[in-house]
Structures are given as C-alpha cells and as structure tokens.
>>> print(open('my_file_8.cif').read())   # mmCIF, C-alpha atoms
data_start
#
loop_
_atom_site.label_atom_id
_atom_site.label_comp_id
_atom_site.auth_asym_id
_atom_site.auth_seq_id
_atom_site.Cartn_x
_atom_site.Cartn_y
_atom_site.Cartn_z
CA MET V 1 18.65 -24.52 9.76
CA ASP V 2 16.22 -22.72 12.09
CA TYR V 3 14.95 -20.77 9.10
CA VAL V 4 14.31 -23.88 7.02
CA ILE V 5 12.36 -25.61 9.78
CA ALA V 6 10.39 -22.45 10.60
CA PHE V 7 9.58 -22.02 6.90
CA LEU V 8 8.50 -25.64 6.41
CA ILE V 9 6.48 -26.08 9.61
CA GLY V 10 4.92 -22.61 9.53
CA GLY V 11 4.12 -23.02 5.85
CA LEU V 12 2.56 -26.40 6.50
CA ILE V 13 0.25 -25.00 9.20
CA CYS V 14 -0.86 -22.25 6.78
CA GLY V 15 -1.32 -24.85 4.02
CA ILE V 16 -3.55 -26.93 6.29
CA GLY V 17 -5.57 -23.79 7.02
CA GLN V 18 -6.00 -23.26 3.27
CA LEU V 19 -7.15 -26.87 2.77
CA ILE V 20 -9.72 -26.38 5.54
CA LEU V 21 -11.00 -23.26 3.74
CA ASP V 22 -11.20 -25.03 0.38
CA PHE V 23 -12.62 -28.37 1.50
CA THR V 24 -15.06 -27.31 4.22
CA SER V 25 -17.60 -24.51 4.46
CA LEU V 26 -15.79 -22.90 7.39
CA THR V 27 -15.17 -19.17 7.00
CA PRO V 28 -11.67 -17.75 7.63
CA GLY V 29 -12.96 -16.45 10.96
CA HIS V 30 -14.03 -19.94 12.07
CA MET V 31 -10.79 -21.49 10.85
CA LEU V 32 -8.71 -18.97 12.83
CA VAL V 33 -10.74 -19.60 15.99
CA LEU V 34 -10.32 -23.34 15.48
CA PHE V 35 -6.53 -22.98 15.13
CA THR V 36 -6.29 -20.71 18.17
CA VAL V 37 -8.31 -23.11 20.32
CA ILE V 38 -6.23 -26.10 19.21
CA GLY V 39 -3.05 -24.18 20.06
CA ALA V 40 -4.45 -23.02 23.41
CA LEU V 41 -5.52 -26.54 24.43
CA LEU V 42 -2.17 -28.04 23.45
CA GLY V 43 -0.41 -25.16 25.22
CA GLY V 44 -2.45 -25.53 28.39
CA PHE V 45 -1.51 -29.18 28.70
CA GLY V 46 2.14 -28.45 27.96
CA LEU V 47 2.09 -30.29 24.63
CA TYR V 48 2.86 -27.24 22.47
CA GLN V 49 6.19 -26.55 24.18
CA PRO V 50 8.14 -29.45 22.60
CA PHE V 51 6.73 -28.46 19.20
CA LEU V 52 7.77 -24.86 19.87
CA SER V 53 11.28 -25.91 20.87
CA PHE V 54 11.59 -27.80 17.61
CA ALA V 55 9.96 -25.47 15.08
CA LYS V 56 10.58 -22.16 16.93
CA ALA V 57 9.05 -19.33 14.88
CA GLY V 58 7.31 -21.91 12.69
CA ALA V 59 5.19 -22.77 15.72
CA LEU V 60 5.11 -19.31 17.32
CA ILE V 61 4.02 -17.12 14.42
CA PRO V 62 0.92 -19.03 13.22
CA VAL V 63 -2.18 -18.21 15.26
CA THR V 64 -1.89 -21.61 17.00
CA GLY V 65 1.20 -20.17 18.71
CA PHE V 66 -0.85 -17.19 19.83
CA GLY V 67 -3.35 -19.48 21.56
CA ALA V 68 -0.54 -21.55 23.06
CA SER V 69 1.12 -18.39 24.38
CA ILE V 70 -2.07 -17.40 26.21
CA ALA V 71 -2.28 -20.84 27.83
CA LYS V 72 1.43 -20.95 28.63
CA GLY V 73 1.39 -17.59 30.42
CA SER V 74 -1.69 -18.63 32.33
CA LEU V 75 -0.14 -21.93 33.44
CA LEU V 76 3.29 -20.51 34.34
CA GLU V 77 1.76 -17.78 36.47
CA ALA V 78 -0.62 -20.23 38.18
CA GLU V 79 2.31 -22.44 39.13
CA LYS V 80 4.06 -19.38 40.54
CA SER V 81 1.29 -17.61 42.41
CA GLY V 82 -1.70 -19.93 42.69
CA ILE V 83 -5.11 -20.01 41.07
CA ILE V 84 -5.38 -16.23 40.61
CA GLY V 85 -2.29 -16.44 38.41
CA LEU V 86 -4.40 -18.13 35.73
CA PHE V 87 -5.75 -14.70 34.94
CA THR V 88 -2.64 -12.68 35.72
CA GLY V 89 -0.67 -14.71 33.23
CA ALA V 90 -3.16 -14.97 30.35
CA PHE V 91 -1.61 -11.99 28.58
CA GLU V 92 1.93 -12.43 29.86
CA PHE V 93 3.31 -13.33 26.43
CA THR V 94 0.57 -11.88 24.25
CA GLY V 95 -0.16 -8.61 26.07
CA GLN V 96 2.72 -6.77 24.48
CA GLY V 97 1.53 -7.71 21.02
CA LEU V 98 -2.05 -6.79 21.81
CA ALA V 99 -1.05 -3.36 23.11
CA VAL V 100 1.01 -2.84 19.95
CA ALA V 101 -1.99 -3.95 17.84
CA VAL V 102 -4.38 -1.53 19.52
CA PHE V 103 -1.96 1.39 19.68
CA PHE V 104 -0.58 1.28 16.17
CA SER V 105 -3.89 0.33 14.54
CA ALA V 106 -5.35 3.51 16.02
CA ILE V 107 -2.36 5.48 14.72
CA ALA V 108 -2.78 3.83 11.31
CA ALA V 109 -6.47 4.79 11.26
CA LEU V 110 -5.49 8.35 12.12
CA PHE V 111 -3.14 8.76 9.15
CA PHE V 112 -4.24 6.22 6.50
CA ASN V 113 -7.40 5.46 4.62
CA PRO V 114 -8.47 2.07 3.30
CA ARG V 115 -7.49 1.61 -0.36
CA SER V 116 -10.79 0.53 -1.86
CA MET B 1 -53.71 -11.38 -8.06
CA SER B 2 -53.29 -14.90 -9.43
CA ARG B 3 -51.30 -13.44 -12.29
CA THR B 4 -48.66 -11.96 -9.98
CA PHE B 5 -48.66 -15.19 -7.98
CA GLN B 6 -47.94 -17.19 -11.14
CA ASP B 7 -45.23 -14.76 -12.14
CA ALA B 8 -43.63 -15.08 -8.75
CA GLN B 9 -43.70 -18.87 -8.92
CA GLU B 10 -42.25 -18.87 -12.40
CA LYS B 11 -39.48 -16.54 -11.27
CA LYS B 12 -38.69 -18.73 -8.27
CA ARG B 13 -38.55 -21.86 -10.44
CA LYS B 14 -36.17 -20.15 -12.85
CA GLN B 15 -33.96 -18.98 -10.01
CA GLU B 16 -33.73 -22.49 -8.59
CA ALA B 17 -32.87 -23.96 -11.98
CA TYR B 18 -30.21 -21.31 -12.42
CA GLN B 19 -28.69 -22.01 -9.03
CA GLN B 20 -28.50 -25.73 -9.79
CA LEU B 21 -26.74 -24.91 -13.03
CA VAL B 22 -24.28 -22.65 -11.22
CA ALA B 23 -23.52 -25.34 -8.65
CA LYS B 24 -22.89 -27.86 -11.43
CA ARG B 25 -20.71 -25.59 -13.56
CA LYS B 26 -18.81 -23.82 -10.79
CA PRO B 27 -15.14 -24.73 -11.10
CA LYS B 28 -13.61 -26.51 -8.14
CA PRO B 29 -11.02 -24.38 -6.34
CA PRO B 30 -7.48 -25.15 -7.53
CA TYR B 31 -6.63 -26.97 -4.32
CA LEU B 32 -2.97 -27.60 -5.04
CA ARG B 33 -2.17 -24.07 -6.15
CA HIS B 34 -4.01 -22.59 -3.15
CA PHE B 35 -2.13 -24.93 -0.84
CA LEU B 36 1.27 -24.11 -2.35
CA VAL B 37 0.75 -20.35 -2.29
CA ALA B 38 -0.46 -20.48 1.33
CA PHE B 39 2.52 -22.68 2.18
CA LEU B 40 5.06 -20.37 0.54
CA VAL B 41 3.68 -17.08 1.86
CA GLY B 42 2.95 -18.43 5.35
CA GLY B 43 6.34 -20.12 5.48
CA SER B 44 8.10 -16.90 4.45
CA LEU B 45 6.33 -14.93 7.19
CA CYS B 46 7.42 -17.58 9.72
CA ALA B 47 11.02 -17.41 8.45
CA LEU B 48 10.88 -13.64 8.93
CA GLY B 49 9.58 -14.30 12.45
CA GLN B 50 12.55 -16.61 13.00
CA PHE B 51 14.89 -13.80 11.97
CA ILE B 52 13.32 -11.47 14.57
CA LEU B 53 13.28 -14.20 17.21
CA ASN B 54 17.00 -14.79 16.59
CA ILE B 55 17.74 -11.09 17.06
CA PHE B 56 16.10 -11.10 20.49
CA MET B 57 17.72 -14.41 21.47
CA ARG B 58 21.14 -13.15 20.47
CA ARG B 59 20.64 -10.37 22.99
CA GLY B 60 20.53 -12.96 25.74
CA MET B 61 16.80 -13.76 26.03
CA ASP B 62 15.64 -17.37 26.22
CA MET B 63 12.89 -18.40 23.85
CA ASN B 64 10.10 -17.78 26.35
CA ALA B 65 11.25 -14.22 26.98
CA ALA B 66 11.90 -13.57 23.29
CA SER B 67 8.50 -14.81 22.09
CA ALA B 68 6.55 -11.78 23.37
CA PRO B 69 8.61 -9.08 21.62
CA THR B 70 8.78 -11.25 18.48
CA LEU B 71 4.99 -11.41 18.33
CA ALA B 72 4.88 -7.66 18.97
CA VAL B 73 7.30 -6.85 16.14
CA MET B 74 5.44 -9.13 13.70
CA ILE B 75 2.16 -7.46 14.69
CA LEU B 76 3.68 -4.03 14.07
CA PHE B 77 4.96 -5.27 10.71
CA GLY B 78 1.46 -6.47 9.79
CA ILE B 79 -0.05 -3.12 10.73
CA VAL B 80 2.50 -1.15 8.66
CA LEU B 81 1.82 -3.31 5.58
CA THR B 82 -1.92 -2.88 6.14
CA ALA B 83 -1.64 0.90 6.42
CA LEU B 84 0.30 0.97 3.14
CA GLY B 85 -2.36 -1.21 1.49
CA VAL B 86 0.13 -3.99 0.76
CA TYR B 87 -1.22 -6.67 3.12
CA ASP B 88 -4.65 -6.76 1.51
CA GLU B 89 -3.04 -7.50 -1.84
CA ILE B 90 -0.98 -10.31 -0.32
CA ALA B 91 -4.08 -11.68 1.41
CA GLU B 92 -5.99 -11.71 -1.86
CA PHE B 93 -3.78 -14.34 -3.45
CA ALA B 94 -2.25 -16.02 -0.40
CA GLY B 95 -5.50 -16.82 1.48
CA ALA B 96 -4.68 -18.70 4.66
CA GLY B 97 -0.97 -18.02 4.08
CA ALA B 98 -1.66 -14.40 5.01
CA ALA B 99 -4.47 -15.04 7.49
CA VAL B 100 -2.96 -17.71 9.77
CA PRO B 101 0.32 -15.98 10.77
CA ILE B 102 -0.01 -13.38 13.53
CA THR B 103 0.50 -10.63 10.93
CA GLY B 104 -2.96 -11.56 9.62
CA PHE B 105 -4.42 -10.99 13.07
CA ALA B 106 -2.75 -7.55 13.08
CA ASN B 107 -4.08 -6.93 9.57
CA THR B 108 -7.70 -7.47 10.62
CA VAL B 109 -7.31 -5.12 13.62
CA ALA B 110 -5.69 -2.34 11.57
CA ALA B 111 -8.04 -2.78 8.59
CA CYS B 112 -11.13 -2.60 10.84
CA ALA B 113 -9.75 0.48 12.60
CA MET B 114 -9.17 2.18 9.23
CA ASP B 115 -12.52 1.07 7.79
CA PHE B 116 -14.74 1.96 10.71
CA LYS B 117 -13.36 5.40 11.48
CA ARG B 118 -15.95 6.72 9.02
CA GLU B 119 -18.54 5.72 11.66
CA GLY B 120 -16.82 7.92 14.22
CA TRP B 121 -13.69 7.78 16.32
CA VAL B 122 -15.35 6.39 19.43
CA LEU B 123 -18.28 4.28 18.24
CA GLY B 124 -16.63 3.38 14.92
CA MET B 125 -12.87 3.00 15.21
CA GLY B 126 -12.91 2.53 18.98
CA SER B 127 -15.59 -0.10 19.27
CA LYS B 128 -15.20 -1.98 16.01
CA MET B 129 -11.43 -2.43 15.88
CA PHE B 130 -11.78 -6.05 17.06
CA VAL B 131 -14.82 -6.97 14.98
CA ILE B 132 -12.87 -9.75 13.21
CA ALA B 133 -9.98 -10.37 15.62
CA GLY B 134 -12.23 -10.47 18.70
CA PRO B 135 -13.34 -14.12 18.41
CA VAL B 136 -9.71 -15.27 18.28
CA LEU B 137 -9.04 -13.42 21.52
CA VAL B 138 -12.24 -14.57 23.24
CA TYR B 139 -11.88 -18.25 22.42
CA GLY B 140 -8.12 -18.18 22.91
CA VAL B 141 -8.53 -16.93 26.49
CA LEU B 142 -11.51 -19.19 27.16
CA SER B 143 -9.78 -22.37 26.04
CA GLY B 144 -6.26 -21.39 27.16
CA VAL B 145 -7.24 -20.49 30.72
CA SER B 146 -9.51 -23.56 30.97
CA ALA B 147 -6.76 -25.90 29.82
CA ALA B 148 -4.23 -24.26 32.14
CA PHE B 149 -6.75 -24.57 35.01
CA ILE B 150 -7.25 -28.29 34.39
CA LYS B 151 -3.53 -28.87 34.10
CA TYR B 152 -2.86 -26.84 37.25
CA VAL B 153 -5.53 -28.54 39.38
CA THR B 154 -4.99 -32.10 38.25
CA GLY B 155 -1.27 -31.81 37.56
CA LEU B 156 -1.74 -33.94 34.43
#
>>> encode(input="my_file_8.cif", output="structure tokens")
Amino acid sequence: MDYVIAFLIGGLICGIGQLILDFTSLTPGHMLVLFTVIGALLGGFGLYQPFLSFAKAGALIPVTGFGASIAKGSLLEAEKSGIIGLFTGAFEFTGQGLAVAVFFSAIAALFFNPRS
Amino acid sequence: MSRTFQDAQEKKRKQEAYQQLVAKRKPKPPYLRHFLVAFLVGGSLCALGQFILNIFMRRGMDMNAASAPTLAVMILFGIVLTALGVYDEIAEFAGAGAAVPITGFANTVAACAMDFKREGWVLGMGSKMFVIAGPVLVYGVLSGVSAAFIKYVTGL
C-alpha cells in the first residue's frame, strides 16, 4: 500500500511540475526552486510532516521533500539547542545526500565523459 | 548607405513576419501526454524511494532517521545513471518526471561535473558542479531557515 500511495502522490507532484513547465514560461530551474521553497516553507511551519507521514517516499523524494528536510532539521535543532541550532540543523537530513552528491559526482567526472 | 539601411529594414520586417508565422503555426505541447509521462516516471522513482525507505525502516530506524540515508541512496542512484548516460535519456522524454525527484538534482550535479571538467579540475569541475543545482540549495536554505526561525520564535 505504501508503494501505491508513494507512486500516486509522487507522480502527481511531478505531473504538476510538468504542467507548470508547459503552461507557464518558467524554466525547469525556476520550477525546481519554486517547489523547493514551497516545501521548505511548509516544512518550517510543520505542515509538511503530516503529508510526509501519509505519502512517505511520495513526499520525501520530490524536491519539495528536500526543502522540507532542510527546514525540519533547522527547526528540530533550534528546539533542542536554541537559535544557533537553526544553522546547525539545516543540513541534518540533507547533508548526507549532499556529501554523496559532491563526492560521487567528482568520481563520476573522473571516470566518465558526457555522452554528447 | 541608404541602400544597406533599406536592406536591413527589409530583413528585419521579414524576420518579424516569419516569427509571427512560427508563433501561429507552432504546435501546442501535448499537455496530457507530458503530464502522464511525468506522472509515471516520477511516480516510479518515488516507489523506488519507498522501497529504499522501507529497507532502512525495517532495520529499526524511524522515518525521520531513515529519510537522510534514503535521500543519499537515491542521489547515488541518480549519479550512477548519469555517469552511464541513462538519466539524460530518461530526462529527455520524462521532463519534470525526471527533474522533480531528488535523482534529478543528483543528475544536474553529476552532469555539470562531467561537462565542466574540460575547463579544468579546479575552476571547471570544482567550481561549476552546482551551476544548476545551486539555486535549489540557496533558496531551500534561505526559505527553510527563515520559516524555522519564525516558527521557533513565535511558536506558531
């Protein structure tokens, strides 16, 4: 059941992104920033968490979930250790992924060439 | 002098007429097909994410703890597909279905790293890796920390 909900909700978010690309003059870059900011704002105010509990990976994997994860880490750490925690926690849930992105992209560049 | 000016004007007029014609004749994007493909590909990537999330949760993590390694594994997956040249082909027909999931974020980082190494390892690959993914990071932190700050201070 988790898989079905993740597929449907995650697919829907991607579909909405596609409609934004087709119906507006926003570039993919702008659309991704828009989605991230929406996710981060919802996450910061604690509104993304119920959605995440319901849709699980369907809410986590789209880039909205990335923004929400930044906000969630920031908020959790602030509640634990005060105002400075806002910055300690910003990469609490996303830092691992970012390190992986930097590290393995560099490795990929070392060994692979772009196709075209 | 006036001859070249006339020529230039004539050329400009023709170009404008041509552009109007193009705008009129250009087919509208097949909205429904684009939507469905984005839905199917994006949904599949999220279902794969669910599979990885379940693996971590079965090992005793709650969803908060499992979300970080799930994102990391999906990012690694995106980079591997990019290195093999597969992700670009998916992105070509799936549009937002490939761009919106976190694998798309990973794809832009890896693709930029691979592309820009021809400009040097430090000033090319090193500095331009986040040329496309950077804005997502910048505005994600800006809005996420701001929202968390407001929530923390006001206790909304």
>>> resolve_selection(input="my_file_8.cif", expression="the PyMOL selection byres ((chain B and resi 110) around 8)", output="PyMOL selection string")
(chain V and resi 101+104-106+108-109) or (chain B and resi 79+82-83+106-109+111-114+129)
>>> atom_distance(input="my_file_8.cif", atom1="CA of Val63 (chain V)", atom2="CA of Ala98 (chain B)")
10.9 Å
>>> resolve_selection(input="my_file_8.cif", expression="the PyMOL selection byres ((chain V and resi 72) around 9)", output="ChimeraX atom specification")
/V:40,43-46,48-49,67-71,73-77,89-90,92-93 /B:144-145,148
>>> residues_around(input="my_file_8.cif", residues="region 53-59 of chain V", least_positions_apart="5", cutoff="8 Å", atoms="only C-alpha atoms", output="list in words")
Asp2, Ile5, Ala6, Phe7, Leu8, Ile9, Gly10, Gly11, Thr64 and Gly65 of chain V; Gly43, Cys46, Ala47, Gly49, Gln50 and Leu53 of chain B
>>> interface_residues(input="my_file_8.cif", of="chain B", to="chain V", cutoff="7 Å", atoms="only C-alpha atoms", output="ChimeraX atom specification")
/B:29,31,34-36,38-40,42-44,46-47,49-50,67-69,71-72,75-76,79,83,85,95-97,100-102,106,109-110,113-115,117,135-136,139-141,143-145,147-149,151-152
>>> atom_distance(input="my_file_8.cif", atom1="CA of Leu32 (chain B)", atom2="CA of Tyr18 (chain B)")
28.9 Å
>>> atom_distance(input="my_file_8.cif", atom1="CA of Leu45 (chain B)", atom2="CA of Thr70 (chain B)")
12.1 Å
>>> axis_aligned_box(input="my_file_8.cif", around="region 99-102 of chain B", padding_each_side="4 Å", output="AutoDock Vina command-line options")
--center_x -2.1 --center_y -15.5 --center_z 10.5 --size_x 12.8 --size_y 12.3 --size_z 14.0
